[in-house]
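K.L.:
Below is the file input26.tsv, which contains TSV, C-alpha atoms.
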```tsv
chain	number	residue	atom	x	y	z
F	1	MET	CA	0.00	0.00	0.00
F	2	LEU	CA	2.84	2.41	0.86
F	3	TYR	CA	4.56	1.78	-2.47
F	4	LEU	CA	1.30	2.39	-4.32
F	5	VAL	CA	0.78	5.73	-2.54
F	6	LEU	CA	4.34	6.81	-3.31
F	7	THR	CA	3.82	5.87	-6.96
F	8	VAL	CA	0.72	8.07	-7.16
F	9	ILE	CA	2.55	10.99	-5.48
F	10	LEU	CA	5.50	10.76	-7.88
F	11	SER	CA	3.16	10.53	-10.87
F	12	LEU	CA	1.26	13.64	-9.74
F	13	PHE	CA	4.54	15.47	-9.19
F	14	GLY	CA	5.62	14.67	-12.75
F	15	ALA	CA	2.23	15.71	-14.12
F	16	PHE	CA	2.80	19.30	-12.91
F	17	THR	CA	5.38	19.82	-15.68
F	18	PHE	CA	2.63	19.48	-18.30
F	19	LEU	CA	0.64	22.43	-16.91
F	20	PRO	CA	0.78	25.60	-19.09
F	21	ARG	CA	1.82	27.64	-16.03
F	22	PHE	CA	5.15	25.78	-15.91
F	23	LYS	CA	5.82	25.87	-19.68
F	24	GLY	CA	8.48	28.57	-19.43
F	25	LEU	CA	10.23	26.83	-16.57
F	26	VAL	CA	10.23	23.53	-18.46
F	27	GLU	CA	11.74	25.14	-21.56
F	28	ARG	CA	14.41	26.93	-19.52
F	29	TYR	CA	15.51	23.81	-17.62
F	30	ASN	CA	14.60	21.27	-20.27
F	31	THR	CA	17.56	18.92	-19.73
F	32	GLY	CA	17.27	18.84	-15.94
F	33	ILE	CA	13.49	18.41	-15.99
F	34	ASN	CA	13.69	15.61	-18.56
F	35	PHE	CA	16.21	13.85	-16.32
F	36	LEU	CA	13.92	14.38	-13.33
F	37	LEU	CA	10.89	13.02	-15.22
F	38	THR	CA	12.88	9.97	-16.33
F	39	LEU	CA	13.96	9.40	-12.74
F	40	ILE	CA	10.38	9.77	-11.50
F	41	ALA	CA	9.09	7.36	-14.17
F	42	THR	CA	11.74	4.79	-13.21
F	43	MET	CA	11.04	5.10	-9.49
F	44	ALA	CA	7.29	4.94	-10.07
F	45	GLY	CA	7.71	1.80	-12.17
F	46	VAL	CA	9.90	0.12	-9.55
F	47	MET	CA	7.52	1.00	-6.70
F	48	LEU	CA	4.51	-0.18	-8.69
F	49	ALA	CA	6.27	-3.48	-9.41
F	50	ILE	CA	7.12	-3.91	-5.71
F	51	SER	CA	3.52	-3.12	-4.77
F	52	ILE	CA	2.16	-5.72	-7.22
F	53	THR	CA	4.69	-8.32	-6.04
F	54	ASN	CA	3.77	-7.71	-2.38
F	55	TYR	CA	0.07	-7.97	-3.19
F	56	GLU	CA	0.53	-11.25	-5.06
F	57	ALA	CA	2.67	-12.64	-2.23
F	58	GLY	CA	-0.02	-11.65	0.28
F	59	GLN	CA	-2.73	-13.33	-1.81
F	60	SER	CA	-0.60	-16.47	-2.13
F	61	GLU	CA	-0.08	-16.59	1.65
F	62	LYS	CA	-3.80	-16.14	2.19
F	63	GLN	CA	-4.54	-19.13	-0.05
F	64	ASP	CA	-1.98	-21.20	1.86
F	65	VAL	CA	-3.63	-20.24	5.17
F	66	ILE	CA	-7.04	-21.25	3.81
F	67	LYS	CA	-5.60	-24.67	2.86
F	68	LEU	CA	-4.15	-25.07	6.36
F	69	LEU	CA	-7.50	-24.07	7.86
F	70	GLY	CA	-9.14	-26.77	5.73
F	71	ALA	CA	-6.74	-29.37	7.13
F	72	ALA	CA	-7.47	-28.15	10.67
F	73	ILE	CA	-11.22	-28.43	10.08
F	74	SER	CA	-10.79	-31.99	8.81
F	75	SER	CA	-8.77	-32.91	11.91
F	76	VAL	CA	-11.36	-31.46	14.30
F	77	GLU	CA	-14.28	-33.08	12.45
F	78	GLN	CA	-12.68	-36.53	12.65
F	79	CYS	CA	-12.09	-36.14	16.40
F	80	HIS	CA	-15.63	-34.83	16.89
F	81	ASP	CA	-17.27	-37.71	15.00
F	82	TYR	CA	-15.20	-40.41	16.73
F	83	SER	CA	-15.82	-38.84	20.16
F	84	GLU	CA	-19.56	-38.86	19.51
F	85	GLU	CA	-19.38	-42.55	18.62
F	86	LEU	CA	-17.51	-43.25	21.86
F	87	MET	CA	-20.07	-41.36	23.91
F	88	GLU	CA	-22.94	-43.16	22.17
F	89	TYR	CA	-21.33	-46.54	22.86
F	90	PHE	CA	-20.77	-45.55	26.51
F	91	SER	CA	-24.40	-44.43	26.92
F	92	LYS	CA	-25.66	-47.82	25.70
F	93	LEU	CA	-23.68	-49.76	28.30
F	94	PRO	CA	-25.73	-50.98	31.29
F	95	LYS	CA	-25.33	-48.80	34.39
F	96	ASP	CA	-23.55	-51.51	36.34
F	97	HIS	CA	-21.31	-52.64	33.45
F	98	ALA	CA	-17.65	-53.10	34.43
F	99	LEU	CA	-16.46	-51.11	31.41
F	100	LYS	CA	-18.18	-47.96	32.66
F	101	THR	CA	-15.80	-47.54	35.59
F	102	ASP	CA	-12.79	-46.40	33.60
F	103	PHE	CA	-14.15	-46.40	30.05
F	104	TYR	CA	-12.78	-43.03	29.00
F	105	GLN	CA	-9.43	-43.65	30.66
F	106	LYS	CA	-9.01	-46.75	28.52
F	107	ASN	CA	-10.73	-45.23	25.47
F	108	PRO	CA	-9.93	-41.50	25.53
F	109	PRO	CA	-11.65	-39.25	23.01
F	110	PRO	CA	-9.12	-38.31	20.29
F	111	TYR	CA	-7.46	-34.92	20.57
F	112	PRO	CA	-6.88	-32.84	17.40
F	113	GLY	CA	-3.10	-32.59	17.82
F	114	TYR	CA	-2.78	-30.99	14.37
F	115	LEU	CA	-4.18	-27.77	15.86
F	116	ASP	CA	-1.11	-27.40	18.09
F	117	THR	CA	1.15	-27.61	15.04
F	118	PHE	CA	-1.21	-25.41	13.03
F	119	LEU	CA	-1.07	-22.53	15.51
F	120	THR	CA	2.72	-22.59	15.83
F	121	GLN	CA	3.28	-22.05	12.10
F	122	ASN	CA	4.56	-18.56	11.29
F	123	ILE	CA	2.30	-18.17	8.26
F	124	VAL	CA	-0.74	-18.85	10.47
F	125	SER	CA	0.16	-16.52	13.35
F	126	LYS	CA	0.98	-13.77	10.81
F	127	ASN	CA	-2.19	-14.03	8.71
F	128	LEU	CA	-4.90	-15.33	11.03
F	129	SER	CA	-7.28	-12.73	12.48
F	130	GLY	CA	-6.52	-11.72	16.07
F	131	ILE	CA	-10.04	-12.76	17.08
F	132	ALA	CA	-9.67	-16.32	15.76
F	133	LEU	CA	-6.10	-16.70	17.02
F	134	ALA	CA	-7.07	-15.78	20.59
F	135	LYS	CA	-10.21	-17.93	20.57
F	136	LEU	CA	-8.45	-20.97	19.08
F	137	ASN	CA	-5.76	-20.84	21.77
F	138	GLU	CA	-8.51	-20.65	24.38
F	139	SER	CA	-10.31	-23.61	22.79
F	140	LEU	CA	-7.16	-25.74	22.85
F	141	ILE	CA	-6.71	-25.08	26.56
F	142	ASN	CA	-10.34	-26.03	27.21
F	143	LEU	CA	-10.08	-29.18	25.09
F	144	LYS	CA	-7.07	-30.41	27.07
F	145	ARG	CA	-8.80	-29.64	30.39
F	146	VAL	CA	-12.07	-31.46	29.71
F	147	GLN	CA	-11.01	-34.26	27.35
F	148	MET	CA	-11.03	-36.96	30.03
F	149	VAL	CA	-13.38	-35.48	32.63
F	150	ASN	CA	-16.36	-34.15	30.68
F	151	VAL	CA	-16.80	-35.80	27.30
F	152	PRO	CA	-20.10	-34.04	26.36
F	153	LEU	CA	-18.41	-30.67	27.00
F	154	TYR	CA	-15.36	-31.87	25.07
F	155	ILE	CA	-17.53	-32.69	22.07
F	156	GLU	CA	-19.31	-29.33	22.31
F	157	THR	CA	-15.94	-27.55	22.43
F	158	LEU	CA	-14.80	-29.47	19.35
F	159	LYS	CA	-17.97	-28.33	17.61
F	160	LEU	CA	-17.28	-24.70	18.59
F	161	THR	CA	-13.67	-25.01	17.39
F	162	ASN	CA	-14.83	-26.40	14.06
F	163	GLU	CA	-17.30	-23.56	13.56
F	164	LEU	CA	-14.64	-21.03	14.54
F	165	LEU	CA	-12.25	-22.39	11.91
F	166	ALA	CA	-15.03	-22.29	9.29
F	167	LEU	CA	-15.73	-18.65	10.16
F	168	GLU	CA	-12.04	-17.80	9.78
F	169	VAL	CA	-12.05	-19.38	6.31
F	170	ARG	CA	-14.92	-17.07	5.34
F	171	PHE	CA	-13.05	-14.11	6.81
F	172	GLN	CA	-9.89	-14.98	4.85
F	173	LYS	CA	-11.97	-15.19	1.66
F	174	GLY	CA	-13.43	-11.75	2.33
F	175	GLU	CA	-16.95	-13.06	2.92
F	176	LEU	CA	-17.01	-11.65	6.49
F	177	THR	CA	-15.81	-8.35	7.91
F	178	GLU	CA	-13.85	-8.29	11.17
F	179	THR	CA	-16.93	-6.89	12.94
F	180	GLN	CA	-19.12	-9.71	11.61
F	181	LEU	CA	-16.50	-12.27	12.60
F	182	ASP	CA	-16.29	-10.86	16.12
F	183	SER	CA	-20.09	-10.90	16.46
F	184	ARG	CA	-20.37	-14.52	15.33
F	185	VAL	CA	-17.51	-15.65	17.59
F	186	ASN	CA	-19.28	-14.01	20.54
F	187	GLN	CA	-22.42	-15.99	19.65
F	188	LEU	CA	-20.42	-19.22	19.67
F	189	THR	CA	-19.04	-18.34	23.10
F	190	GLU	CA	-22.56	-17.71	24.39
F	191	GLU	CA	-23.72	-21.07	22.99
F	192	LEU	CA	-20.94	-22.85	24.87
F	193	GLN	CA	-21.78	-20.98	28.08
F	194	ASN	CA	-25.44	-21.96	27.68
F	195	PHE	CA	-24.37	-25.58	27.24
F	196	LEU	CA	-22.38	-25.35	30.48
F	197	LEU	CA	-25.37	-23.85	32.28
F	198	GLY	CA	-27.54	-26.68	30.97
F	199	GLN	CA	-25.07	-29.23	32.33
F	200	SER	CA	-25.01	-27.49	35.71
F	201	SER	CA	-28.80	-27.51	35.97
F	202	GLU	CA	-28.90	-31.23	35.15
F	203	THR	CA	-26.57	-32.07	38.03
F	204	ILE	CA	-28.59	-30.13	40.61
```
As structure tokens, what does this structure read like?
P.N.:
Amino acid sequence: MLYLVLTVILSLFGAFTFLPRFKGLVERYNTGINFLLTLIATMAGVMLAISITNYEAGQSEKQDVIKLLGAAISSVEQCHDYSEELMEYFSKLPKDHALKTDFYQKNPPPYPGYLDTFLTQNIVSKNLSGIALAKLNESLINLKRVQMVNVPLYIETLKLTNELLALEVRFQKGELTETQLDSRVNQLTEELQNFLLGQSSETI
């Protein structure tokens, strides 16, 4: 953006020499002004080329981030689906079944370890929105805390994480503004809090 602005400024500066008011000055210092215009044209061309290169590099990085987000979504979905199957199997066991005692200790719900790697990549931390980056880190902490102690909450947190990643994909594609992203993320947080409240009321 800076290079583009400088290019416009240099172009406008050169355009002043074509105004009738400066005709006499141009004729008097013809050689020097021609050299200056050539210099301006060269600098403007270089800055425009740099600006285009930076833009293309930024777009390429954005596409790479979207691909990585897709891989993260796939990882979370697989863990979510398998965890639901585990919970369904557990719920069908008789109340006094021996397996129920330490079922989840022996059959822990899978953790999306790819997310840890995903968030440590430089391209991700540099290009991901601040909203998503903060919320994803928070989700990872929550997933590790509840994985073995509260499987329904673990599954709900996986669902929230998946939706958060999907929202970030839309943001990266320009389908959501930062304000819209923030609003939707807040809704997801409220949904998780409501789920927690529902769990609390069930245990009372």
K.L.:
If you count all atoms listed in the file, which residues fall within 12 Å of Lys173 (chain F), apart from same-chain ones fewer than 5 positions away, as a ChimeraX atom specification?
P.N.:
/F:59,61-67,69,128,166-168,178
K.L.:
What's the 10 Å shell around region 100-105 of chain F, counting all atoms listed in the file, without same-chain residues fewer than 2 positions away, as an NGL selection string?
P.N.:
:F and (86-87 or 90-91 or 93-98 or 107-109 or 147-151)
K.L.:
Give me a file of those residues, with C-alpha atoms, as an mmCIF file, in the frame of the given file.
P.N.:
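Done, and the output landed in again13.cif:
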```
data_model
loop_
_atom_site.group_PDB
_atom_site.id
_atom_site.type_symbol
_atom_site.label_atom_id
_atom_site.label_comp_id
_atom_site.auth_asym_id
_atom_site.auth_seq_id
_atom_site.Cartn_x
_atom_site.Cartn_y
_atom_site.Cartn_z
ATOM 1 C CA LEU F 86 -17.510 -43.250 21.860
ATOM 2 C CA MET F 87 -20.070 -41.360 23.910
ATOM 3 C CA PHE F 90 -20.770 -45.550 26.510
ATOM 4 C CA SER F 91 -24.400 -44.430 26.920
ATOM 5 C CA LEU F 93 -23.680 -49.760 28.300
ATOM 6 C CA PRO F 94 -25.730 -50.980 31.290
ATOM 7 C CA LYS F 95 -25.330 -48.800 34.390
ATOM 8 C CA ASP F 96 -23.550 -51.510 36.340
ATOM 9 C CA HIS F 97 -21.310 -52.640 33.450
ATOM 10 C CA ALA F 98 -17.650 -53.100 34.430
ATOM 11 C CA ASN F 107 -10.730 -45.230 25.470
ATOM 12 C CA PRO F 108 -9.930 -41.500 25.530
ATOM 13 C CA PRO F 109 -11.650 -39.250 23.010
ATOM 14 C CA GLN F 147 -11.010 -34.260 27.350
ATOM 15 C CA MET F 148 -11.030 -36.960 30.030
ATOM 16 C CA VAL F 149 -13.380 -35.480 32.630
ATOM 17 C CA ASN F 150 -16.360 -34.150 30.680
ATOM 18 C CA VAL F 151 -16.800 -35.800 27.300
#
```
K.L.:
As an exercise, work out the distance from CA of Val76 (chain F) to CA of Glu175 (chain F) in Å and give it to one decimal place.
P.N.:
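Value for the CA of Val76 (chain F)-CA of Glu175 (chain F) distance: 22.3 Å.
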K.L.:
One decimal, in Å: what's the spacing between CA of Thr177 (chain F) and CA of Ala132 (chain F)?
P.N.:
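About the pair CA of Thr177 (chain F) and CA of Ala132 (chain F): they are 12.8 Å apart.
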K.L.:
Take CA of Leu181 (chain F) and CA of Asn127 (chain F) and report the distance between them in Å, one decimal.
P.N.:
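Computed distance, CA of Leu181 (chain F) to CA of Asn127 (chain F), equals 14.9 Å.
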K.L.:
List the neighbours of region 136-138 of chain F out to 9 Å using all atoms listed in the file; skip same-chain residues closer than 2 positions along the sequence, and give me the result as a list in words.
P.N.:
Leu115, Asp116, Leu119, Ile131, Ala132, Leu133, Ala134, Leu140, Ile141, Asn142, Leu143, Thr161, Leu164 and Leu165 of chain F
K.L.:
Do you know which residues are at most 12 Å from Glu77 (chain F) counting only C-alpha atoms, after dropping those on the same chain fewer than 6 positions away, and could you put them as a ChimeraX atom specification?
P.N.:
/F:70-71,83-84,110-112,114-115,155-163,165-166
K.L.:
Please, could N, CA and C atoms be added to region 57-71 of chain F and the result written as a compact mmCIF listing (two decimals), in the frame of the given file?
P.N.:
```
# COMPACT_ATOMS: atom_id res chain seq x y z
N ALA F 57 2.13 -11.80 -3.30
CA ALA F 57 2.67 -12.64 -2.23
C ALA F 57 1.67 -12.76 -1.09
N GLY F 58 1.00 -11.64 -0.78
CA GLY F 58 -0.02 -11.65 0.28
C GLY F 58 -1.19 -12.55 -0.08
N GLN F 59 -1.62 -12.49 -1.35
CA GLN F 59 -2.73 -13.33 -1.81
C GLN F 59 -2.34 -14.81 -1.78
N SER F 60 -1.09 -15.09 -2.15
CA SER F 60 -0.60 -16.47 -2.13
C SER F 60 -0.57 -17.02 -0.70
N GLU F 61 -0.10 -16.19 0.24
CA GLU F 61 -0.08 -16.59 1.65
C GLU F 61 -1.49 -16.85 2.17
N LYS F 62 -2.41 -15.99 1.74
CA LYS F 62 -3.80 -16.14 2.19
C LYS F 62 -4.38 -17.48 1.72
N GLN F 63 -4.07 -17.85 0.48
CA GLN F 63 -4.54 -19.13 -0.05
C GLN F 63 -3.93 -20.30 0.73
N ASP F 64 -2.65 -20.15 1.08
CA ASP F 64 -1.98 -21.20 1.86
C ASP F 64 -2.62 -21.35 3.24
N VAL F 65 -2.98 -20.21 3.86
CA VAL F 65 -3.63 -20.24 5.17
C VAL F 65 -5.00 -20.91 5.08
N ILE F 66 -5.73 -20.63 4.01
CA ILE F 66 -7.04 -21.25 3.81
C ILE F 66 -6.90 -22.77 3.68
N LYS F 67 -5.85 -23.23 2.98
CA LYS F 67 -5.60 -24.67 2.86
C LYS F 67 -5.30 -25.29 4.23
N LEU F 68 -4.49 -24.58 5.02
CA LEU F 68 -4.15 -25.07 6.36
C LEU F 68 -5.39 -25.10 7.25
N LEU F 69 -6.25 -24.10 7.10
CA LEU F 69 -7.50 -24.07 7.86
C LEU F 69 -8.38 -25.26 7.48
N GLY F 70 -8.37 -25.62 6.19
CA GLY F 70 -9.14 -26.77 5.73
C GLY F 70 -8.65 -28.06 6.38
N ALA F 71 -7.32 -28.18 6.49
CA ALA F 71 -6.74 -29.37 7.13
C ALA F 71 -7.10 -29.40 8.62
```
